[in-house]
>>> print(open('structure.txt').read())   # compact mmCIF, C-alpha atoms and all ligand atoms
# COMPACT_ATOMS: atom_id res chain seq x y z
CA MET A 1 14.28 -18.91 30.91
CA GLU A 2 11.04 -20.78 31.50
CA GLN A 3 8.76 -17.95 30.44
CA LYS A 4 10.39 -17.72 27.04
CA CYS A 5 10.00 -21.36 26.17
CA PRO A 6 6.99 -23.18 27.56
CA SER A 7 7.11 -26.92 27.85
CA CYS A 8 4.45 -29.22 29.25
CA GLY A 9 4.52 -29.33 33.05
CA SER A 10 3.58 -32.99 32.96
CA CYS A 11 5.59 -34.67 30.20
CA GLY A 12 8.13 -31.97 29.29
CA MET A 13 7.14 -31.75 25.63
CA PRO A 14 7.96 -28.33 24.15
CA MET A 15 4.81 -26.45 23.17
CA LYS A 16 5.57 -24.27 20.18
CA LYS A 17 2.22 -24.05 18.38
CA ILE A 18 -1.19 -23.23 19.79
CA GLU A 19 -2.28 -26.78 18.86
CA ASP A 20 0.33 -28.17 21.25
CA PHE A 21 -1.38 -26.58 24.25
CA GLY A 22 -4.22 -28.43 25.96
CA GLY A 23 -7.57 -26.93 24.97
CA ARG A 24 -5.67 -24.74 22.46
CA SER A 25 -5.10 -22.21 25.20
CA LEU A 26 -1.74 -20.55 25.80
CA GLU A 27 -2.76 -20.30 29.45
CA ASN A 28 -2.63 -24.08 29.77
CA LYS A 29 0.44 -25.39 31.55
CA TYR A 30 -0.02 -28.83 30.00
CA CYS A 31 0.18 -30.16 26.48
CA VAL A 32 -2.66 -31.51 24.40
CA HIS A 33 -1.66 -35.09 25.27
CA CYS A 34 -1.66 -34.50 29.01
CA SER A 35 -4.80 -32.41 29.57
CA ASP A 36 -8.44 -32.07 28.51
CA ASP A 37 -10.09 -29.13 26.74
CA GLU A 38 -10.52 -27.26 30.02
CA GLY A 39 -6.84 -27.63 30.76
CA ASN A 40 -7.32 -30.19 33.52
CA LEU A 41 -4.49 -32.66 33.84
CA THR A 42 -5.55 -36.07 32.55
CA ALA A 43 -2.15 -37.78 32.34
CA THR A 44 -0.91 -39.89 35.23
CA PHE A 45 2.61 -40.09 36.60
CA GLU A 46 2.65 -43.82 35.89
CA GLY A 47 1.52 -43.26 32.31
CA ILE A 48 4.25 -40.72 31.53
CA VAL A 49 6.91 -42.85 33.21
CA ASN A 50 5.83 -45.91 31.22
CA TYR A 51 5.96 -43.95 28.01
CA TYR A 52 9.54 -42.79 28.57
CA THR A 53 10.66 -46.13 29.98
CA ASP A 54 9.50 -47.90 26.81
CA ASP A 55 11.27 -45.36 24.62
CA PHE A 56 14.53 -45.56 26.59
CA ILE A 57 14.53 -49.34 26.22
CA LYS A 58 13.39 -49.58 22.61
CA GLN A 59 15.01 -46.51 21.08
CA ARG A 60 18.18 -46.37 23.15
CA GLY A 61 18.70 -49.91 24.40
CA LEU A 62 19.00 -48.97 28.08
CA ASP A 63 19.07 -51.52 30.85
CA VAL A 64 15.42 -52.28 31.66
CA ASP A 65 15.48 -51.42 35.38
CA GLN A 66 17.69 -48.39 34.86
CA ALA A 67 15.40 -47.10 32.10
CA ARG A 68 12.49 -47.04 34.56
CA LYS A 69 14.58 -45.45 37.27
CA LEU A 70 15.85 -42.68 34.99
CA ALA A 71 12.35 -42.06 33.64
CA GLU A 72 10.91 -41.85 37.18
CA GLU A 73 13.68 -39.55 38.35
CA SER A 74 13.33 -37.12 35.49
CA VAL A 75 9.52 -37.11 35.30
CA SER A 76 9.36 -36.49 39.07
CA LYS A 77 10.93 -33.10 38.43
CA MET A 78 8.11 -31.90 36.15
CA SER A 79 5.96 -29.30 37.90
CA ALA A 80 2.85 -31.51 37.80
CA TRP A 81 4.62 -34.29 39.71
CA SER A 82 7.08 -32.47 41.97
CA SER A 83 6.41 -31.58 45.64
CA MET B 1 3.23 -2.88 46.09
CA GLU B 2 6.59 -2.49 47.85
CA ARG B 3 6.56 -6.15 48.64
CA GLY B 4 5.81 -7.04 45.04
CA LYS B 5 8.74 -4.98 43.90
CA ARG B 6 11.08 -6.68 46.32
CA GLU B 7 9.93 -10.07 45.14
CA GLN B 8 10.52 -9.00 41.57
CA GLN B 9 14.04 -7.82 42.37
CA LYS B 10 14.77 -11.05 44.15
CA GLU B 11 13.63 -13.03 41.14
CA GLN B 12 15.77 -10.89 38.84
CA THR B 13 18.84 -11.51 40.97
CA ARG B 14 18.11 -15.23 41.00
CA GLN B 15 17.87 -15.21 37.22
CA ARG B 16 21.09 -13.22 36.95
CA ILE B 17 22.91 -15.78 39.09
CA LEU B 18 21.64 -18.57 36.85
CA GLU B 19 22.65 -16.77 33.66
CA VAL B 20 26.12 -15.97 34.97
CA ALA B 21 26.53 -19.55 36.22
CA TYR B 22 25.53 -20.92 32.82
CA ARG B 23 28.11 -18.70 31.13
CA LYS B 24 30.87 -19.57 33.60
CA PHE B 25 30.13 -23.30 33.39
CA ALA B 26 30.40 -23.10 29.61
CA GLU B 27 33.64 -21.08 29.70
CA LYS B 28 35.50 -22.62 32.56
CA GLY B 29 33.85 -25.99 33.13
CA ILE B 30 31.12 -27.02 35.55
CA GLU B 31 33.44 -28.53 38.14
CA ALA B 32 36.03 -25.77 37.93
CA THR B 33 33.53 -22.98 38.64
CA ASN B 34 32.88 -22.20 42.29
CA THR B 35 30.30 -19.95 43.91
CA ALA B 36 32.88 -17.19 44.44
CA ASP B 37 33.46 -17.04 40.66
CA ILE B 38 29.73 -16.75 40.10
CA ALA B 39 29.31 -14.09 42.79
CA SER B 40 32.07 -11.85 41.47
CA GLU B 41 30.88 -12.14 37.88
CA ALA B 42 27.31 -11.35 38.98
CA LYS B 43 28.63 -8.44 41.10
CA LEU B 44 27.19 -9.90 44.28
CA SER B 45 28.78 -10.66 47.61
CA HIS B 46 29.59 -14.30 48.08
CA GLY B 47 26.98 -14.57 50.84
CA ALA B 48 24.26 -13.08 48.64
CA ILE B 49 24.39 -16.16 46.41
CA PHE B 50 23.21 -18.31 49.30
CA VAL B 51 20.12 -16.20 49.85
CA HIS B 52 18.93 -17.66 46.56
CA PHE B 53 20.49 -21.10 46.49
CA LYS B 54 21.34 -23.34 49.43
CA THR B 55 24.30 -25.03 47.78
CA ARG B 56 26.51 -24.89 44.72
CA GLN B 57 24.96 -28.16 43.61
CA GLU B 58 21.51 -26.53 43.64
CA ILE B 59 22.76 -23.92 41.15
CA VAL B 60 24.32 -26.59 38.95
CA LEU B 61 21.11 -28.62 38.86
CA LYS B 62 18.86 -25.64 38.17
CA VAL B 63 21.13 -24.39 35.37
CA ILE B 64 21.10 -27.84 33.74
CA ASP B 65 17.32 -28.12 34.14
CA ASP B 66 16.70 -24.77 32.48
CA PHE B 67 19.22 -25.65 29.79
CA GLY B 68 17.40 -28.91 29.05
CA VAL B 69 14.09 -27.11 28.62
CA GLU B 70 15.58 -24.43 26.41
CA LEU B 71 17.54 -26.89 24.27
CA SER B 72 14.42 -29.03 23.82
CA VAL B 73 12.36 -26.10 22.63
CA HIS B 74 15.17 -24.93 20.38
CA ILE B 75 15.55 -28.36 18.80
CA THR B 76 11.80 -28.76 18.28
CA LYS B 77 11.57 -25.34 16.64
CA SER B 78 14.52 -25.93 14.40
CA VAL B 79 13.95 -29.58 13.46
CA GLY B 80 10.15 -29.37 13.21
CA HIS B 81 10.01 -28.50 9.52
CA SER B 82 12.70 -30.87 8.31
CA ARG B 83 11.75 -34.08 6.51
CA THR B 84 14.87 -35.90 5.37
CA PRO B 85 17.42 -37.43 7.76
CA ARG B 86 20.05 -35.04 6.44
CA SER B 87 17.99 -31.92 7.04
CA ILE B 88 16.89 -33.15 10.48
CA LEU B 89 20.48 -33.83 11.53
CA LEU B 90 21.71 -30.53 10.13
CA SER B 91 18.94 -28.65 11.94
CA PHE B 92 19.83 -30.48 15.13
CA THR B 93 23.52 -29.63 14.95
CA LYS B 94 22.62 -26.06 14.08
CA ALA B 95 20.31 -25.78 17.09
CA LEU B 96 23.02 -27.24 19.29
CA THR B 97 25.67 -24.79 18.06
CA LYS B 98 24.30 -22.02 20.28
CA PHE B 99 24.71 -24.26 23.33
CA GLU B 100 27.85 -26.06 22.23
CA ALA B 101 30.29 -25.04 24.96
CA PHE B 102 27.86 -25.82 27.78
CA TYR B 103 26.73 -29.08 26.19
CA ILE B 104 30.33 -30.27 25.98
CA GLU B 105 30.94 -29.45 29.64
CA LEU B 106 27.76 -31.30 30.51
CA LEU B 107 28.83 -34.40 28.57
CA LEU B 108 32.13 -34.43 30.45
CA VAL B 109 30.57 -34.48 33.92
CA LEU B 110 27.29 -36.26 33.19
CA PRO B 111 28.23 -39.71 34.57
CA LYS B 112 28.97 -38.09 37.94
CA LEU B 113 25.74 -36.10 38.15
CA PRO B 114 22.57 -37.30 39.89
CA GLU B 115 20.37 -39.65 37.92
CA ASN B 116 17.53 -37.16 37.56
CA VAL B 117 19.92 -34.90 35.66
CA GLN B 118 21.05 -37.77 33.45
CA GLY B 119 17.39 -38.54 32.86
CA SER B 120 16.71 -34.95 31.78
CA LEU B 121 19.29 -35.18 29.02
CA LEU B 122 17.75 -38.46 27.90
CA LEU B 123 14.39 -36.68 27.69
CA VAL B 124 15.87 -34.00 25.43
CA GLN B 125 17.37 -36.68 23.19
CA ASN B 126 14.07 -38.56 23.26
CA GLY B 127 12.25 -35.61 21.72
CA PHE B 128 14.79 -35.59 18.91
CA ALA B 129 14.48 -39.36 18.34
CA HIS B 130 10.83 -38.81 17.41
CA TYR B 131 11.96 -36.76 14.43
CA LEU B 132 14.97 -38.76 13.34
CA LEU B 133 13.62 -42.31 13.60
CA PRO B 134 10.62 -41.96 11.24
CA ALA B 135 12.78 -40.17 8.68
CA VAL B 136 15.51 -42.83 8.77
CA LYS B 137 12.90 -45.58 8.56
CA ARG B 138 11.45 -44.05 5.42
CA GLU B 139 14.87 -44.30 3.78
CA MET B 140 15.09 -47.92 4.90
CA GLU B 141 11.73 -48.69 3.35
CA GLU B 142 13.04 -47.29 0.09
CA ALA B 143 16.15 -49.46 0.46
CA LYS B 144 18.42 -46.41 0.56
CA PHE B 145 19.61 -47.11 4.09
CA LYS B 146 20.74 -50.29 5.78
CA ARG B 147 18.22 -51.91 8.09
CA LEU B 148 19.19 -51.00 11.62
CA GLY B 149 17.32 -51.25 14.91
CA GLU B 150 16.13 -48.09 16.60
CA SER B 151 18.83 -48.07 19.24
CA GLY B 152 21.47 -48.59 16.54
CA ILE B 153 20.17 -45.58 14.63
CA MET B 154 20.05 -43.30 17.67
CA ASN B 155 23.14 -44.45 19.53
CA SER B 156 25.46 -44.39 16.54
CA TRP B 157 24.43 -40.77 15.92
CA PHE B 158 25.08 -39.72 19.51
CA ALA B 159 28.26 -41.77 19.69
CA LEU B 160 29.70 -39.96 16.70
CA LEU B 161 28.45 -36.51 17.68
CA HIS B 162 29.55 -36.81 21.29
CA TYR B 163 32.92 -38.24 20.27
CA TYR B 164 33.68 -35.12 18.24
CA MET B 165 32.29 -32.81 20.89
CA THR B 166 34.21 -34.23 23.82
CA ASN B 167 37.40 -34.16 21.74
CA ARG B 168 36.80 -30.70 20.36
CA ASN B 169 40.35 -29.70 21.11
CA TRP B 170 41.63 -32.14 18.49
CA TYR B 171 39.30 -30.95 15.75
CA ALA B 172 38.44 -27.33 16.32
CA PRO B 173 40.69 -25.79 18.98
CA ASN B 174 39.39 -22.46 20.24
CA LYS B 175 36.48 -22.35 17.86
CA SER B 176 33.04 -23.76 17.37
CA LEU B 177 33.28 -27.43 16.48
CA LEU B 178 29.76 -27.61 15.12
CA LYS B 179 30.20 -24.55 12.96
CA LYS B 180 33.39 -26.00 11.53
CA LEU B 181 32.47 -29.69 11.35
CA GLY B 182 28.70 -30.00 11.81
CA LYS B 183 28.17 -30.91 8.15
CA LYS B 184 31.06 -33.35 8.11
CA ILE B 185 29.73 -35.16 11.17
CA VAL B 186 26.29 -35.45 9.55
CA ASN B 187 27.89 -36.75 6.35
CA GLU B 188 29.98 -39.33 8.18
CA TYR B 189 26.89 -40.61 9.98
CA LEU B 190 24.85 -40.84 6.79
CA GLU B 191 27.69 -42.71 5.10
CA LEU B 192 27.36 -45.36 7.79
CA LEU B 193 23.66 -45.78 7.04
CA ASN B 194 23.87 -45.57 3.29
CA ILE B 195 23.77 -48.70 1.19
CA ASN B 196 26.70 -48.54 -1.19
CA LYS B 197 25.54 -49.09 -4.68
ZN ZN C 1 2.42 -33.26 28.17
>>> encode(input="structure.txt", output="structure tokens", more="lines below")
Ligand SMILES: [Zn+2]
Amino acid sequence: MEQKCPSCGSCGMPMKKIEDFGGRSLENKYCVHCSDDEGNLTATFEGIVNYYTDDFIKQRGLDVDQARKLAEESVSKMSAWSS
Amino acid sequence: MERGKREQQKEQTRQRILEVAYRKFAEKGIEATNTADIASEAKLSHGAIFVHFKTRQEIVLKVIDDFGVELSVHITKSVGHSRTPRSILLSFTKALTKFEAFYIELLLVLPKLPENVQGSLLLVQNGFAHYLLPAVKREMEEAKFKRLGESGIMNSWFALLHYYMTNRNWYAPNKSLLKKLGKKIVNEYLELLNINK
């Protein structure tokens, strides 16, 4: 399934247009927000986790500690941050 | 060469197991499907399953992971061009229709699944929030919608949608709930937000 529908290996954002890919290259595993023009990962685990934690709290009203835990758990599974 | 071919076959079998598992989970329920069901449907011996996955739970988690990615992409593709809350919500329900049976099964067992799986579904919903929230806020600015906080906007949508989905048997027995009632659910939600003139 993965090959058919690429999503950023760092933040999980679906990449549907060439502009969504870092460096506008379909070869890039990471999105434009997470990598530089050469396709090198620039995002940090902490940064992505903070981003989702804030959203879970503000947009969904989750418990503050649980929001961070769920964000950490799910971001850890992204290919850039697993293993 | 030979080795490459073997690897390729192994990968194909792995994919087949995942596809069959997805289908069985959607048809029969995630908890009610065991590895023997998956093996027989995939025309494999029961033992062959465990060459690819250590446990049943590993299959469940991988299927849900792949589903999350695919649903996310599907939603982004389908919602991406919509501007108004109505068209965004209709595109969302339409995108979800293809995955309806599995999504319902997932909702039913979600509280019992590991937190990283729960988090994955939150990530999918998070992507959607980035389309819906700005559109709803525009209507608020124009005084067409009541002023609600972000979590009120998002959670009342999912509350209503998930209520209908988990009680599908009451509303659309043996057929697609979203095909039958997708529009009605969207209308009911928008009625909640609308300021009555
Ligand atoms: Zn990214």
>>> closest_residue(input="structure.txt", among="A:Glu27, A:Gly9, A:Ala80, A:Ala43", to="chain B", atoms="only C-alpha atoms")
A:Gly9
>>> closest_residue(input="structure.txt", among="B:Glu141, B:Gly68, B:Glu19, B:Arg6", to="A:Ser74", atoms="all atoms listed in the file")
B:Gly68
>>> atom_distance(input="structure.txt", atom1="atom CA of B:Lys179", atom2="atom CA of B:Lys94")
7.8 Å
>>> interface_residues(input="structure.txt", of="chain B", to="chain A", cutoff="8 Å", atoms="only C-alpha atoms", output="compact mmCIF listing (two decimals) with C-alpha atoms, keeping the file's coordinate frame")
# COMPACT_ATOMS: atom_id res chain seq x y z
CA ASP B 66 16.70 -24.77 32.48
CA VAL B 69 14.09 -27.11 28.62
CA GLU B 70 15.58 -24.43 26.41
CA SER B 72 14.42 -29.03 23.82
CA VAL B 73 12.36 -26.10 22.63
CA THR B 76 11.80 -28.76 18.28
CA LYS B 77 11.57 -25.34 16.64
CA GLU B 115 20.37 -39.65 37.92
CA ASN B 116 17.53 -37.16 37.56
CA VAL B 117 19.92 -34.90 35.66
CA GLN B 118 21.05 -37.77 33.45
CA GLY B 119 17.39 -38.54 32.86
CA SER B 120 16.71 -34.95 31.78
CA LEU B 122 17.75 -38.46 27.90
CA LEU B 123 14.39 -36.68 27.69
CA ASN B 126 14.07 -38.56 23.26
CA GLY B 127 12.25 -35.61 21.72
CA ALA B 129 14.48 -39.36 18.34
CA GLU B 150 16.13 -48.09 16.60
CA SER B 151 18.83 -48.07 19.24
CA GLY B 152 21.47 -48.59 16.54
CA MET B 154 20.05 -43.30 17.67
CA ASN B 155 23.14 -44.45 19.53
>>> atom_distance(input="structure.txt", atom1="atom CA of B:Phe128", atom2="atom CA of B:Ile75")
7.3 Å
>>> atom_distance(input="structure.txt", atom1="atom CA of B:Tyr189", atom2="atom CA of B:Leu177")
16.0 Å
>>> axis_aligned_box(input="structure.txt", around="stretch 148-157 of chain B", padding_each_side="5 Å", output="lines of an AutoDock Vina configuration file")
center_x = 20.8
center_y = -46.0
center_z = 15.6
size_x = 19.3
size_y = 20.5
size_z = 17.9
>>> closest_residue(input="structure.txt", among="A:Asp36, A:Gly22, A:Ser10, A:Glu46", to="ligand ZN 1 (chain C)", atoms="only C-alpha atoms and all ligand atoms")
A:Ser10
>>> residues_near_point(input="structure.txt", point="(25.7, -35.6, 9.9)", cutoff="10 Å", atoms="all atoms listed in the file", output="ChimeraX atom specification")
/B:85-93,157,160-161,181-191
>>> residues_near_point(input="structure.txt", point="(32.2, -36.7, 32.6)", cutoff="12 Å", atoms="all atoms listed in the file", output="NGL selection string")
:B and (29-31 or 103-113 or 118 or 162 or 166)
>>> residues_around(input="structure.txt", residues="A:Asp37", least_positions_apart="3", cutoff="9 Å", atoms="all atoms listed in the file", output="ChimeraX atom specification")
/A:22-25,32,40
>>> closest_residue(input="structure.txt", among="B:Arg16, B:Lys54, B:Lys5, B:Lys98", to="B:Ile38", atoms="all atoms listed in the file")
B:Arg16
>>> closest_residue(input="structure.txt", among="A:Glu38, A:Asn50, A:Met78, A:Val64", to="ligand ZN 1 (chain C)", atoms="all atoms listed in the file")
A:Met78
>>> build_atoms(input="structure.txt", residues="stretch 67-78 of chain B", atoms="all heavy atoms", output="mmCIF file, keeping the file's coordinate frame")
data_model
loop_
_atom_site.group_PDB
_atom_site.id
_atom_site.type_symbol
_atom_site.label_atom_id
_atom_site.label_comp_id
_atom_site.auth_asym_id
_atom_site.auth_seq_id
_atom_site.Cartn_x
_atom_site.Cartn_y
_atom_site.Cartn_z
ATOM 1 N N PHE B 67 18.552 -25.393 31.062
ATOM 2 C CA PHE B 67 19.220 -25.650 29.790
ATOM 3 C C PHE B 67 18.488 -26.739 29.006
ATOM 4 O O PHE B 67 18.247 -26.602 27.814
ATOM 5 C CB PHE B 67 20.669 -26.064 30.060
ATOM 6 C CG PHE B 67 21.340 -26.726 28.900
ATOM 7 C CD1 PHE B 67 21.775 -25.981 27.820
ATOM 8 C CD2 PHE B 67 21.532 -28.104 28.883
ATOM 9 C CE1 PHE B 67 22.381 -26.596 26.736
ATOM 10 C CE2 PHE B 67 22.141 -28.721 27.812
ATOM 11 C CZ PHE B 67 22.563 -27.963 26.734
ATOM 12 N N GLY B 68 18.110 -27.807 29.700
ATOM 13 C CA GLY B 68 17.400 -28.910 29.050
ATOM 14 C C GLY B 68 16.109 -28.441 28.403
ATOM 15 O O GLY B 68 15.806 -28.788 27.261
ATOM 16 N N VAL B 69 15.355 -27.619 29.144
ATOM 17 C CA VAL B 69 14.090 -27.110 28.620
ATOM 18 C C VAL B 69 14.344 -26.240 27.393
ATOM 19 O O VAL B 69 13.707 -26.396 26.348
ATOM 20 C CB VAL B 69 13.331 -26.286 29.705
ATOM 21 C CG1 VAL B 69 12.130 -25.589 29.106
ATOM 22 C CG2 VAL B 69 12.915 -27.188 30.851
ATOM 23 N N GLU B 70 15.331 -25.343 27.516
ATOM 24 C CA GLU B 70 15.580 -24.430 26.410
ATOM 25 C C GLU B 70 16.111 -25.161 25.173
ATOM 26 O O GLU B 70 15.685 -24.882 24.047
ATOM 27 C CB GLU B 70 16.574 -23.345 26.851
ATOM 28 C CG GLU B 70 16.614 -22.217 25.830
ATOM 29 C CD GLU B 70 17.146 -20.916 26.407
ATOM 30 O OE1 GLU B 70 16.977 -20.681 27.621
ATOM 31 O OE2 GLU B 70 17.728 -20.137 25.618
ATOM 32 N N LEU B 71 17.001 -26.122 25.393
ATOM 33 C CA LEU B 71 17.540 -26.890 24.270
ATOM 34 C C LEU B 71 16.411 -27.675 23.572
ATOM 35 O O LEU B 71 16.331 -27.698 22.339
ATOM 36 C CB LEU B 71 18.634 -27.835 24.755
ATOM 37 C CG LEU B 71 19.271 -28.753 23.704
ATOM 38 C CD1 LEU B 71 19.935 -27.928 22.599
ATOM 39 C CD2 LEU B 71 20.291 -29.689 24.334
ATOM 40 N N SER B 72 15.552 -28.277 24.364
ATOM 41 C CA SER B 72 14.420 -29.030 23.820
ATOM 42 C C SER B 72 13.548 -28.168 22.907
ATOM 43 O O SER B 72 13.205 -28.562 21.796
ATOM 44 C CB SER B 72 13.498 -29.463 24.960
ATOM 45 O OG SER B 72 13.679 -30.771 25.251
ATOM 46 N N VAL B 73 13.213 -27.001 23.406
ATOM 47 C CA VAL B 73 12.360 -26.100 22.630
ATOM 48 C C VAL B 73 13.082 -25.679 21.352
ATOM 49 O O VAL B 73 12.509 -25.666 20.261
ATOM 50 C CB VAL B 73 11.965 -24.861 23.469
ATOM 51 C CG1 VAL B 73 11.226 -23.851 22.615
ATOM 52 C CG2 VAL B 73 11.118 -25.285 24.648
ATOM 53 N N HIS B 74 14.358 -25.367 21.508
ATOM 54 C CA HIS B 74 15.170 -24.930 20.380
ATOM 55 C C HIS B 74 15.249 -26.011 19.301
ATOM 56 O O HIS B 74 15.124 -25.733 18.114
ATOM 57 C CB HIS B 74 16.559 -24.591 20.902
ATOM 58 C CG HIS B 74 17.184 -23.452 20.203
ATOM 59 N ND1 HIS B 74 16.751 -22.157 20.351
ATOM 60 C CD2 HIS B 74 18.211 -23.413 19.320
ATOM 61 C CE1 HIS B 74 17.492 -21.376 19.592
ATOM 62 N NE2 HIS B 74 18.377 -22.104 18.950
ATOM 63 N N ILE B 75 15.445 -27.246 19.739
ATOM 64 C CA ILE B 75 15.550 -28.360 18.800
ATOM 65 C C ILE B 75 14.205 -28.566 18.086
ATOM 66 O O ILE B 75 14.147 -28.697 16.862
ATOM 67 C CB ILE B 75 15.974 -29.655 19.533
ATOM 68 C CG1 ILE B 75 17.452 -29.555 19.938
ATOM 69 C CG2 ILE B 75 15.770 -30.889 18.650
ATOM 70 C CD1 ILE B 75 17.891 -30.652 20.887
ATOM 71 N N THR B 76 13.129 -28.554 18.869
ATOM 72 C CA THR B 76 11.800 -28.760 18.280
ATOM 73 C C THR B 76 11.512 -27.692 17.231
ATOM 74 O O THR B 76 11.040 -27.992 16.140
ATOM 75 C CB THR B 76 10.724 -28.701 19.382
ATOM 76 O OG1 THR B 76 11.097 -29.605 20.410
ATOM 77 C CG2 THR B 76 9.368 -29.084 18.846
ATOM 78 N N LYS B 77 11.822 -26.438 17.584
ATOM 79 C CA LYS B 77 11.570 -25.340 16.640
ATOM 80 C C LYS B 77 12.381 -25.519 15.370
ATOM 81 O O LYS B 77 11.901 -25.286 14.276
ATOM 82 C CB LYS B 77 11.992 -24.005 17.283
ATOM 83 C CG LYS B 77 10.888 -23.332 18.043
ATOM 84 C CD LYS B 77 11.337 -21.925 18.423
ATOM 85 C CE LYS B 77 10.448 -21.358 19.511
ATOM 86 N NZ LYS B 77 11.161 -20.434 20.408
ATOM 87 N N SER B 78 13.630 -25.917 15.541
ATOM 88 C CA SER B 78 14.520 -25.930 14.400
ATOM 89 C C SER B 78 14.363 -27.199 13.558
ATOM 90 O O SER B 78 14.484 -27.154 12.333
ATOM 91 C CB SER B 78 15.954 -25.701 14.919
ATOM 92 O OG SER B 78 16.846 -26.583 14.358
#
